[in-house]
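Asker: Contents of entry.pdb (PDB, C-alpha atoms):
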```pdb
MODEL        1
ATOM      1  CA  MET A   1      76.743  80.002  77.862
ATOM      2  CA  ASN A   2      76.722  77.385  75.064
ATOM      3  CA  ARG A   3      78.924  77.503  71.969
ATOM      4  CA  ARG A   4      76.085  78.574  69.629
ATOM      5  CA  ASN A   5      75.166  81.614  71.741
ATOM      6  CA  LEU A   6      78.800  82.550  72.227
ATOM      7  CA  LEU A   7      79.355  82.670  68.465
ATOM      8  CA  LYS A   8      76.544  85.213  68.151
ATOM      9  CA  LEU A   9      78.523  87.673  70.262
ATOM     10  CA  THR A  10      81.341  89.802  68.896
ATOM     11  CA  GLY A  11      83.993  92.249  70.131
ATOM     12  CA  THR A  12      83.514  93.651  73.613
ATOM     13  CA  THR A  13      80.124  91.943  73.881
ATOM     14  CA  VAL A  14      81.959  88.625  74.292
ATOM     15  CA  ILE A  15      84.051  90.044  77.094
ATOM     16  CA  THR A  16      81.217  91.673  78.997
ATOM     17  CA  ALA A  17      78.840  88.733  78.612
ATOM     18  CA  ALA A  18      81.253  85.918  79.366
ATOM     19  CA  LEU A  19      83.553  87.712  81.850
ATOM     20  CA  PRO A  20      81.450  90.371  83.574
ATOM     21  CA  SER A  21      83.701  90.639  86.642
ATOM     22  CA  ILE A  22      86.923  91.362  84.750
ATOM     23  CA  THR A  23      88.277  94.909  84.386
ATOM     24  CA  MET A  24      90.523  95.367  81.381
ATOM     25  CA  ALA A  25      94.135  96.189  82.337
ATOM     26  CA  GLY A  26      95.348  99.559  81.238
ATOM     27  CA  THR A  27      92.049 101.393  81.546
ATOM     28  CA  LYS A  28      91.960 104.669  83.451
ATOM     29  CA  GLU A  29      89.666 103.250  86.102
ATOM     30  CA  ASP A  30      91.360 104.016  89.417
ATOM     31  CA  LYS A  31      92.691 101.139  91.470
ATOM     32  CA  THR A  32      94.287 103.711  93.746
ATOM     33  CA  GLN A  33      92.819 106.341  96.029
ATOM     34  CA  PHE A  34      94.867 109.512  96.437
ATOM     35  CA  ARG A  35      95.091 111.690  99.535
ATOM     36  CA  TYR A  36      96.872 115.058  99.533
ATOM     37  CA  CYS A  37      99.316 116.030 102.234
ATOM     38  CA  LEU A  38     101.599 118.959 103.059
ATOM     39  CA  ASN A  39     105.089 118.208 104.321
ATOM     40  CA  THR A  40     105.826 121.235 106.475
ATOM     41  CA  SER A  41     109.345 121.579 105.032
ATOM     42  CA  THR A  42     107.614 123.279 102.095
ATOM     43  CA  ILE A  43     106.763 126.324 104.241
ATOM     44  CA  SER A  44     109.472 126.025 106.902
ATOM     45  CA  GLY A  45     111.336 129.005 105.463
ATOM     46  CA  GLN A  46     108.404 131.295 106.277
ATOM     47  CA  THR A  47     107.514 129.896 109.695
ATOM     48  CA  THR A  48     108.782 127.252 112.091
ATOM     49  CA  ASP A  49     105.772 127.660 114.379
ATOM     50  CA  LEU A  50     104.049 124.286 114.385
ATOM     51  CA  LEU A  51     100.501 125.535 114.928
ATOM     52  CA  ARG A  52     100.873 128.122 112.187
ATOM     53  CA  GLN A  53     102.090 125.421 109.790
ATOM     54  CA  ILE A  54      99.031 123.326 110.635
ATOM     55  CA  ASP A  55      96.739 126.307 110.068
ATOM     56  CA  ILE A  56      98.293 126.912 106.660
ATOM     57  CA  ALA A  57      97.757 123.289 105.624
ATOM     58  CA  ALA A  58      94.130 123.469 106.706
ATOM     59  CA  GLU A  59      93.505 126.797 104.978
ATOM     60  CA  ALA A  60      95.066 125.520 101.754
ATOM     61  CA  GLY A  61      92.728 122.511 101.715
ATOM     62  CA  TYR A  62      94.974 119.513 102.431
ATOM     63  CA  ASP A  63      93.763 116.187 103.811
ATOM     64  CA  GLY A  64      96.794 115.750 106.035
ATOM     65  CA  VAL A  65     100.269 116.845 107.067
ATOM     66  CA  GLU A  66     103.731 115.393 107.479
ATOM     67  CA  LEU A  67     105.290 116.859 110.610
ATOM     68  CA  TRP A  68     108.969 116.959 111.514
ATOM     69  CA  ILE A  69     109.871 115.410 114.862
ATOM     70  CA  THR A  70     112.219 118.312 115.591
ATOM     71  CA  THR A  71     109.343 120.794 115.335
ATOM     72  CA  ILE A  72     107.110 118.644 117.540
ATOM     73  CA  LYS A  73     109.836 118.401 120.195
ATOM     74  CA  GLU A  74     110.291 122.189 120.110
ATOM     75  CA  TYR A  75     106.548 122.530 120.680
ATOM     76  CA  LEU A  76     106.672 120.141 123.640
ATOM     77  CA  ALA A  77     109.720 121.906 125.085
ATOM     78  CA  LYS A  78     107.558 125.020 125.498
ATOM     79  CA  GLY A  79     105.398 123.150 127.991
ATOM     80  CA  LYS A  80     102.708 122.179 125.502
ATOM     81  CA  SER A  81     101.147 118.692 125.454
ATOM     82  CA  LEU A  82     100.637 116.076 122.787
ATOM     83  CA  SER A  83      96.938 115.926 123.641
ATOM     84  CA  SER A  84      96.534 119.644 122.936
ATOM     85  CA  LEU A  85      98.345 119.198 119.619
ATOM     86  CA  ALA A  86      96.151 116.221 118.727
ATOM     87  CA  ASN A  87      93.037 118.271 119.483
ATOM     88  CA  TYR A  88      94.352 121.177 117.413
ATOM     89  CA  LEU A  89      94.818 118.859 114.417
ATOM     90  CA  SER A  90      91.415 117.240 114.915
ATOM     91  CA  ASP A  91      89.670 120.607 115.085
ATOM     92  CA  ARG A  92      91.158 121.433 111.680
ATOM     93  CA  LYS A  93      90.270 117.998 110.273
ATOM     94  CA  LEU A  94      93.881 117.182 109.445
ATOM     95  CA  LYS A  95      95.436 113.730 109.639
ATOM     96  CA  VAL A  96      99.124 113.358 110.540
ATOM     97  CA  GLU A  97     100.141 110.989 107.762
ATOM     98  CA  ASN A  98     103.797 110.621 108.710
ATOM     99  CA  ILE A  99     106.457 111.874 111.127
ATOM    100  CA  ILE A 100     109.812 112.870 109.636
ATOM    101  CA  SER A 101     112.478 111.273 111.835
ATOM    102  CA  PHE A 102     116.286 110.989 111.729
ATOM    103  CA  THR A 103     117.268 108.272 114.209
ATOM    104  CA  THR A 104     120.419 106.170 113.746
ATOM    105  CA  TRP A 105     118.674 102.782 113.643
ATOM    106  CA  MET A 106     120.579 101.736 110.509
ATOM    107  CA  VAL A 107     124.183 102.428 111.531
ATOM    108  CA  ASN A 108     126.649  99.553 111.800
ATOM    109  CA  ASP A 109     127.826 100.510 115.278
ATOM    110  CA  THR A 110     126.287  98.604 118.174
ATOM    111  CA  ASP A 111     125.964 101.517 120.604
ATOM    112  CA  LYS A 112     124.743 104.025 118.019
ATOM    113  CA  HIS A 113     122.323 101.455 116.624
ATOM    114  CA  LYS A 114     120.863 100.752 120.068
ATOM    115  CA  ASP A 115     120.556 104.473 120.783
ATOM    116  CA  GLY A 116     118.872 104.953 117.426
ATOM    117  CA  VAL A 117     116.308 102.241 118.105
ATOM    118  CA  LYS A 118     115.652 103.655 121.585
ATOM    119  CA  ASN A 119     115.114 107.138 120.155
ATOM    120  CA  LEU A 120     112.908 105.739 117.406
ATOM    121  CA  GLU A 121     110.724 104.030 119.998
ATOM    122  CA  GLU A 122     110.258 107.311 121.851
ATOM    123  CA  GLU A 123     109.291 109.011 118.618
ATOM    124  CA  MET A 124     106.865 106.199 117.796
ATOM    125  CA  LYS A 125     105.138 106.942 121.107
ATOM    126  CA  ILE A 126     104.806 110.588 120.064
ATOM    127  CA  ALA A 127     103.394 109.554 116.684
ATOM    128  CA  ALA A 128     100.895 107.199 118.322
ATOM    129  CA  ALA A 129      99.674 109.988 120.617
ATOM    130  CA  LEU A 130      98.896 112.036 117.496
ATOM    131  CA  ASP A 131      97.098 109.092 115.858
ATOM    132  CA  CYS A 132      99.868 108.986 113.241
ATOM    133  CA  ARG A 133     100.503 105.491 111.894
ATOM    134  CA  ARG A 134     103.776 106.067 110.061
ATOM    135  CA  ILE A 135     107.291 107.316 110.793
ATOM    136  CA  ALA A 136     110.226 107.807 108.413
ATOM    137  CA  ALA A 137     113.219 105.463 108.698
ATOM    138  CA  PRO A 138     116.032 106.947 106.576
ATOM    139  CA  PRO A 139     119.784 106.105 106.594
ATOM    140  CA  ALA A 140     120.544 108.866 109.112
ATOM    141  CA  GLY A 141     123.994 108.665 110.647
ATOM    142  CA  VAL A 142     125.384 106.170 108.134
ATOM    143  CA  GLU A 143     128.707 107.359 106.732
ATOM    144  CA  LYS A 144     128.704 108.436 103.096
ATOM    145  CA  HIS A 145     129.749 105.615 100.761
ATOM    146  CA  ASP A 146     129.671 103.103 103.631
ATOM    147  CA  PRO A 147     128.741  99.756 102.016
ATOM    148  CA  ILE A 148     125.385  98.289 103.064
ATOM    149  CA  ASP A 149     125.051  94.738 104.300
ATOM    150  CA  PHE A 150     121.551  94.181 102.977
ATOM    151  CA  LEU A 151     120.847  91.135 105.132
ATOM    152  CA  GLN A 152     122.002  92.881 108.296
ATOM    153  CA  VAL A 153     120.049  96.054 107.576
ATOM    154  CA  GLY A 154     117.078  93.930 106.559
ATOM    155  CA  GLY A 155     117.275  92.348 109.994
ATOM    156  CA  TYR A 156     117.426  95.782 111.622
ATOM    157  CA  TYR A 157     114.404  96.849 109.603
ATOM    158  CA  HIS A 158     112.531  93.698 110.615
ATOM    159  CA  ASP A 159     113.211  94.561 114.264
ATOM    160  CA  ILE A 160     111.931  98.128 114.067
ATOM    161  CA  LEU A 161     108.855  96.980 112.152
ATOM    162  CA  ALA A 162     108.082  94.595 115.015
ATOM    163  CA  LEU A 163     108.683  97.450 117.466
ATOM    164  CA  GLY A 164     106.392  99.719 115.474
ATOM    165  CA  ARG A 165     103.547  97.242 115.619
ATOM    166  CA  GLU A 166     103.544  97.615 119.407
ATOM    167  CA  TYR A 167     102.524 101.250 118.908
ATOM    168  CA  ARG A 168     100.702 100.821 115.588
ATOM    169  CA  VAL A 169     103.299 103.088 113.964
ATOM    170  CA  ILE A 170     105.011 101.554 110.922
ATOM    171  CA  PRO A 171     108.511 102.777 109.931
ATOM    172  CA  GLN A 172     108.721 103.689 106.251
ATOM    173  CA  LEU A 173     112.102 102.749 104.775
ATOM    174  CA  GLU A 174     113.469 105.898 103.137
ATOM    175  CA  PHE A 175     116.352 106.293 100.693
ATOM    176  CA  TRP A 176     118.199 109.558 100.029
ATOM    177  CA  GLY A 177     119.426 110.139  96.483
ATOM    178  CA  ALA A 178     122.620 111.962  97.431
ATOM    179  CA  SER A 179     123.473 109.906 100.525
ATOM    180  CA  GLY A 180     126.067 107.738  98.795
ATOM    181  CA  THR A 181     124.814 104.913 101.017
ATOM    182  CA  LEU A 182     121.108 104.093 100.696
ATOM    183  CA  TYR A 183     120.379 106.132  97.585
ATOM    184  CA  HIS A 184     118.658 103.772  95.147
ATOM    185  CA  LEU A 185     115.203 102.221  94.978
ATOM    186  CA  GLY A 186     116.837  98.870  94.188
ATOM    187  CA  GLN A 187     118.723  98.972  97.498
ATOM    188  CA  ALA A 188     115.553  99.824  99.395
ATOM    189  CA  LEU A 189     113.690  96.960  97.704
ATOM    190  CA  ALA A 190     116.503  94.571  98.675
ATOM    191  CA  ILE A 191     116.386  95.667 102.323
ATOM    192  CA  ALA A 192     112.598  95.479 102.420
ATOM    193  CA  ALA A 193     112.726  91.958 100.966
ATOM    194  CA  ALA A 194     115.460  90.920 103.416
ATOM    195  CA  ALA A 195     113.273  92.106 106.302
ATOM    196  CA  ASP A 196     110.757  89.379 105.400
ATOM    197  CA  ASP A 197     107.964  91.278 107.100
ATOM    198  CA  PRO A 198     104.382  91.844 105.916
ATOM    199  CA  ASP A 199     104.501  95.531 106.882
ATOM    200  CA  ALA A 200     107.744  96.375 105.063
ATOM    201  CA  CYS A 201     107.243  99.467 102.893
ATOM    202  CA  ILE A 202     109.210 102.203 101.184
ATOM    203  CA  LEU A 203     108.890 105.973 101.426
ATOM    204  CA  ALA A 204     109.331 107.132  97.829
ATOM    205  CA  ASP A 205     110.371 110.602  96.684
ATOM    206  CA  ILE A 206     110.362 111.887  93.097
ATOM    207  CA  TYR A 207     113.540 113.942  93.602
ATOM    208  CA  HIS A 208     115.411 111.089  95.306
ATOM    209  CA  LEU A 209     114.416 108.634  92.556
ATOM    210  CA  PHE A 210     116.002 111.074  90.105
ATOM    211  CA  ARG A 211     118.983 112.167  92.203
ATOM    212  CA  GLY A 212     120.101 108.656  93.136
ATOM    213  CA  GLY A 213     119.807 107.273  89.612
ATOM    214  CA  SER A 214     116.902 104.929  90.323
ATOM    215  CA  GLY A 215     114.765 106.161  87.465
ATOM    216  CA  PHE A 216     111.057 105.448  87.618
ATOM    217  CA  ASN A 217     110.493 102.051  85.999
ATOM    218  CA  GLY A 218     111.137 100.290  89.298
ATOM    219  CA  LEU A 219     107.821 101.592  90.621
ATOM    220  CA  LYS A 220     106.146  98.920  88.481
ATOM    221  CA  LEU A 221     107.655  96.283  90.777
ATOM    222  CA  VAL A 222     105.908  97.585  93.888
ATOM    223  CA  GLY A 223     102.503  96.430  95.115
ATOM    224  CA  ALA A 224      99.694  98.230  96.912
ATOM    225  CA  LYS A 225     101.231  98.101 100.400
ATOM    226  CA  GLY A 226     104.836  98.519  99.259
ATOM    227  CA  ILE A 227     104.526 102.299  98.919
ATOM    228  CA  GLU A 228     101.983 104.296 100.899
ATOM    229  CA  ILE A 229     103.534 107.775 100.779
ATOM    230  CA  VAL A 230     105.151 109.567  97.857
ATOM    231  CA  HIS A 231     107.004 112.821  98.415
ATOM    232  CA  MET A 232     105.865 114.981  95.541
ATOM    233  CA  ASN A 233     108.210 117.453  93.894
ATOM    234  CA  ASP A 234     110.006 117.890  90.606
ATOM    235  CA  TYR A 235     113.501 118.662  89.340
ATOM    236  CA  PRO A 236     114.832 121.004  86.657
ATOM    237  CA  ALA A 237     116.228 119.546  83.450
ATOM    238  CA  THR A 238     118.731 122.373  83.067
ATOM    239  CA  LYS A 239     121.124 121.371  85.890
ATOM    240  CA  PRO A 240     123.339 118.251  85.993
ATOM    241  CA  VAL A 241     121.934 115.604  88.303
ATOM    242  CA  ASN A 242     125.018 115.409  90.547
ATOM    243  CA  GLU A 243     124.899 119.166  91.130
ATOM    244  CA  GLN A 244     121.288 119.240  92.257
ATOM    245  CA  THR A 245     120.376 119.598  95.912
ATOM    246  CA  ASP A 246     117.149 119.569  97.909
ATOM    247  CA  SER A 247     116.758 123.306  97.344
ATOM    248  CA  ASP A 248     116.492 122.734  93.573
ATOM    249  CA  ARG A 249     113.164 120.964  93.966
ATOM    250  CA  VAL A 250     110.265 122.668  92.209
ATOM    251  CA  TYR A 251     106.497 122.204  92.135
ATOM    252  CA  PRO A 252     105.318 118.893  90.646
ATOM    253  CA  GLY A 253     104.846 119.373  86.927
ATOM    254  CA  ASP A 254     107.220 122.338  86.693
ATOM    255  CA  GLY A 255     110.275 120.183  85.970
ATOM    256  CA  ALA A 256     111.262 117.123  83.968
ATOM    257  CA  ALA A 257     109.795 114.232  85.996
ATOM    258  CA  PRO A 258     107.732 111.785  83.860
ATOM    259  CA  PHE A 259     104.491 112.215  85.774
ATOM    260  CA  GLU A 260     102.306 110.515  83.171
ATOM    261  CA  GLN A 261     104.239 107.300  83.792
ATOM    262  CA  ILE A 262     104.516 107.866  87.569
ATOM    263  CA  ILE A 263     100.812 108.477  88.133
ATOM    264  CA  HIS A 264      99.860 105.566  85.878
ATOM    265  CA  ASP A 265     102.087 103.204  87.869
ATOM    266  CA  LEU A 266     100.759 104.504  91.188
ATOM    267  CA  ARG A 267      97.215 103.939  89.924
ATOM    268  CA  MET A 268      98.047 100.374  88.952
ATOM    269  CA  MET A 269      99.447  99.614  92.433
ATOM    270  CA  GLY A 270      96.085  99.980  94.118
ATOM    271  CA  GLY A 271      95.441 100.898  97.726
ATOM    272  CA  VAL A 272      95.684 104.397  99.154
ATOM    273  CA  LYS A 273      98.571 106.644  98.183
ATOM    274  CA  VAL A 274      99.373 109.780 100.147
ATOM    275  CA  LEU A 275     100.861 112.405  97.841
ATOM    276  CA  SER A 276     102.847 114.731 100.084
ATOM    277  CA  LEU A 277     104.299 118.000  98.806
ATOM    278  CA  GLU A 278     107.897 118.171 100.071
ATOM    279  CA  LEU A 279     109.944 121.150  98.892
ATOM    280  CA  PHE A 280     112.927 123.092 100.218
ATOM    281  CA  ASN A 281     112.915 125.809  97.580
ATOM    282  CA  LYS A 282     114.314 129.092  98.921
ATOM    283  CA  THR A 283     112.463 131.064  96.247
ATOM    284  CA  TYR A 284     109.153 129.691  97.506
ATOM    285  CA  TRP A 285     110.226 130.458 101.078
ATOM    286  CA  ARG A 286     110.167 134.157 100.155
ATOM    287  CA  GLU A 287     106.546 133.920  99.045
ATOM    288  CA  ASP A 288     103.264 133.859 100.946
ATOM    289  CA  PRO A 289     103.116 130.394 102.603
ATOM    290  CA  VAL A 290      99.384 129.934 102.094
ATOM    291  CA  GLN A 291      99.751 130.662  98.402
ATOM    292  CA  VAL A 292     102.711 128.266  98.145
ATOM    293  CA  ALA A 293     100.690 125.523  99.840
ATOM    294  CA  LYS A 294      97.659 126.169  97.621
ATOM    295  CA  THR A 295      99.769 126.225  94.465
ATOM    296  CA  GLY A 296     101.412 122.926  95.346
ATOM    297  CA  LEU A 297      98.067 121.287  96.052
ATOM    298  CA  GLN A 298      96.582 122.544  92.803
ATOM    299  CA  LYS A 299      99.552 121.246  90.826
ATOM    300  CA  MET A 300      99.365 117.804  92.433
ATOM    301  CA  LYS A 301      95.646 117.535  91.737
ATOM    302  CA  SER A 302      96.189 118.718  88.175
ATOM    303  CA  ILE A 303      98.830 116.030  87.572
ATOM    304  CA  VAL A 304      96.566 113.303  88.928
ATOM    305  CA  GLY A 305      93.586 114.627  86.953
ATOM    306  CA  HIS A 306      95.478 114.786  83.685
ATOM    307  CA  HIS A 307      97.004 111.330  84.007
TER
ENDMDL
END
```
Represent the supplied structure as structure tokens.

Answerer:
Amino acid sequence: MNRRNLLKLTGTTVITAALPSITMAGTKEDKTQFRYCLNTSTISGQTTDLLRQIDIAAEAGYDGVELWITTIKEYLAKGKSLSSLANYLSDRKLKVENIISFTTWMVNDTDKHKDGVKNLEEEMKIAAALDCRRIAAPPAGVEKHDPIDFLQVGGYYHDILALGREYRVIPQLEFWGASGTLYHLGQALAIAAAADDPDACILADIYHLFRGGSGFNGLKLVGAKGIEIVHMNDYPATKPVNEQTDSDRVYPGDGAAPFEQIIHDLRMMGGVKVLSLELFNKTYWREDPVQVAKTGLQKMKSIVGHH
């Protein structure tokens, strides 16, 4: 385009004619694809039967589920097989997006650390058999207020990421807001950076971002692969933060979380984001589980649609 023709164009015409491949930042065009998932904790007060939980997720219309390793092991202890469970999930067109695990891979005790890694490997094998490509890696077993050596834990995380690649199951670094140990997004980012691994990623949770004092602006620092799963929930504004527990979680949009900002930042990350409803609300546990699951799904979709 020569200078004379360029001067004939004004406003957005200049942009679209001269730079046709550029998308303006800040538009509502999605860079992110969202999938909707049910973490079975949400209905664990009504039923601990694994197959029933899967049926509820399917009936409510979810794309996938997050299963707890304890529930899977209880299922296997009854003489059932992983292949039968995989078929059951496939028949209901549900993807296992993540396995909730509690191994002691992070602890600063040689024997407990080795046991934790060994247990994590066994659970990775279970995940792989269910075609699940993720497993949670929280600070289980670490003493409250025990200082974190970020470089050491980053090395541990690097090791379990390498182990996970053997089974195509990637551990998602998880922080717990009330743990007193790994409770802040900034700590998780430091560990993930110290791991120096291309598959390092963080399992985010709206409640834990609030409870641990992270806030939500740090999400802007994370790229497409840095967060793949977000535990969706909300928190009441009427109770002091340090008094809130997991059972205080409410449906997304029913509390004080800044979802306009959160969804915008998730959109800007790009990639695929799994929004997984994770609640432990005892009031909801007294209600019909299918209705609870449907309500949670509707509220998540409404938040994404409005923002």

Asker: In terms of the shortest atom-to-atom distance over all atoms listed in the file, which of A:Asp91, A:Glu278, A:Asp115, A:Glu123 is closest to Ile69 (chain A)?

Answerer: A:Glu123

Asker: Of the candidates A:Thr47, A:Arg134, A:Ala256, A:Glu59, which shows the shortest atom-to-atom distance to Gln291 (chain A), using only C-alpha atoms?

Answerer: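 Comparing A:Thr47, A:Arg134, A:Ala256, A:Glu59 against Gln291 (chain A), the winner is A:Glu59.
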
Asker: Find the spatial neighbours of Gln261 (chain A), counting only C-alpha atoms, within a cut-off of 10 Å - ignore same-chain residues fewer than 6 positions away - and output them as an MDAnalysis selection string.

Answerer: chainID A and resid 216:217 219:220 267 307

Asker: Find the spatial neighbours of region 32-46 of chain A, counting only C-alpha atoms, within a cut-off of 9 Å - ignore same-chain residues fewer than 4 positions away - and output them as a PyMOL selection string.

Answerer: chain A and resi 50+53-54+56-57+61-68+95-98+100+224+231+266-282+284-290+292-293+296-297+300-301+304

Asker: Which of these, A:Asn233, A:Ala178, A:Ser214, A:Asp197, has the shortest distance to Ala162 (chain A) once you count only C-alpha atoms?

Answerer: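 Answer, going by the shortest atom-to-atom distance: A:Asp197.
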
Asker: Excluding same-chain residues fewer than 3 positions from Ala257 (chain A), what lies within 10 Å of it counting all atoms listed in the file, as a VMD selection string?

Answerer: chain A and resid 206 to 207 209 to 210 215 to 216 233 to 237 252 to 254 260 to 262

Asker: What does the distance between CA of His113 (chain A) and CA of Gly213 (chain A) come to in Å, to one decimal place?

Answerer: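 Going from CA of His113 (chain A) over to CA of Gly213 (chain A), I get 27.7 Å.
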
Asker: Excluding Thr70 (chain A) and its own-chain neighbours fewer than 3 positions away, which residues fall within 10 Å of it when counting only C-alpha atoms? Please give them as a list in words.

Answerer: Leu67, Lys73, Glu74, Tyr75, Leu76, Ile99, Ile100, Ser101 and Phe102 of chain A

Asker: Can I get the selected residues back with C-alpha atoms, as a compact mmCIF listing (two decimals), in the coordinates of the input?

Answerer:
```
# COMPACT_ATOMS: atom_id res chain seq x y z
CA LEU A 67 105.29 116.86 110.61
CA LYS A 73 109.84 118.40 120.20
CA GLU A 74 110.29 122.19 120.11
CA TYR A 75 106.55 122.53 120.68
CA LEU A 76 106.67 120.14 123.64
CA ILE A 99 106.46 111.87 111.13
CA ILE A 100 109.81 112.87 109.64
CA SER A 101 112.48 111.27 111.84
CA PHE A 102 116.29 110.99 111.73
```

Asker: Output the residue selection produced by the PyMOL selection byres ((chain A and resi 146-151) around 10) on the file above, formatted as an mmCIF file with C-alpha atoms, keeping the file's coordinate frame.

Answerer:
```cif
data_model
loop_
_atom_site.group_PDB
_atom_site.id
_atom_site.type_symbol
_atom_site.label_atom_id
_atom_site.label_comp_id
_atom_site.auth_asym_id
_atom_site.auth_seq_id
_atom_site.Cartn_x
_atom_site.Cartn_y
_atom_site.Cartn_z
ATOM 1 C CA MET A 106 120.579 101.736 110.509
ATOM 2 C CA VAL A 107 124.183 102.428 111.531
ATOM 3 C CA ASN A 108 126.649 99.553 111.800
ATOM 4 C CA VAL A 142 125.384 106.170 108.134
ATOM 5 C CA GLU A 143 128.707 107.359 106.732
ATOM 6 C CA LYS A 144 128.704 108.436 103.096
ATOM 7 C CA HIS A 145 129.749 105.615 100.761
ATOM 8 C CA GLN A 152 122.002 92.881 108.296
ATOM 9 C CA VAL A 153 120.049 96.054 107.576
ATOM 10 C CA GLY A 154 117.078 93.930 106.559
ATOM 11 C CA GLY A 155 117.275 92.348 109.994
ATOM 12 C CA TYR A 156 117.426 95.782 111.622
ATOM 13 C CA TYR A 157 114.404 96.849 109.603
ATOM 14 C CA SER A 179 123.473 109.906 100.525
ATOM 15 C CA GLY A 180 126.067 107.738 98.795
ATOM 16 C CA THR A 181 124.814 104.913 101.017
ATOM 17 C CA LEU A 182 121.108 104.093 100.696
ATOM 18 C CA GLN A 187 118.723 98.972 97.498
ATOM 19 C CA ALA A 188 115.553 99.824 99.395
ATOM 20 C CA LEU A 189 113.690 96.960 97.704
ATOM 21 C CA ALA A 190 116.503 94.571 98.675
ATOM 22 C CA ILE A 191 116.386 95.667 102.323
ATOM 23 C CA ALA A 192 112.598 95.479 102.420
ATOM 24 C CA ALA A 193 112.726 91.958 100.966
ATOM 25 C CA ALA A 194 115.460 90.920 103.416
ATOM 26 C CA ALA A 195 113.273 92.106 106.302
#
```

Asker: Would you compute the distance between CA of Arg211 (chain A) and CA of Ser247 (chain A)? Give it in Å to one decimal.

Answerer: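 Spanning CA of Arg211 (chain A) to CA of Ser247 (chain A) is a straight-line distance of 12.5 Å.
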
Asker: What is the distance, in Å and to one decimal place, between CA of Glu174 (chain A) and CA of Asn87 (chain A)?

Answerer: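 So the two atoms, CA of Glu174 (chain A) and CA of Asn87 (chain A), lie 28.9 Å apart.
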
Asker: Select, from A:Leu51, A:Lys93, A:Thr283, A:Met232, the residue with the minimum atom-to-atom distance to Ile303 (chain A), counting all atoms listed in the file.

Answerer: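 The shortest atom-to-atom distance to Ile303 (chain A) comes from A:Met232.
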
Asker: So which one's closest to Gly141 (chain A), A:Lys112, A:Arg168, A:Lys125, A:Lys118? Using all atoms listed in the file, please.

Answerer: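 Selected residue with least distance to Gly141 (chain A): A:Lys112.
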
Asker: Taking (114.1, 106.0, 111.7) in the coordinates of the supplied file, I want to know which residues reach to within 6 Å of it, counting all atoms listed in the file; could you give the answer as a PyMOL selection string?

Answerer: chain A and resi 101-103+105+120+136-138

Asker: Given the file shown, enumerate the residues that the PyMOL selection byres ((chain A and resi 161) around 8) captures and present them as a PyMOL selection string.

Answerer: chain A and resi 157-160+162-165+170-171+197+199-200

Asker: Of the residues A:Glu228, A:Asp131, A:Asp111, A:Asp246, which is the one nearest to Val169 (chain A), using all atoms listed in the file?

Answerer: A:Asp131
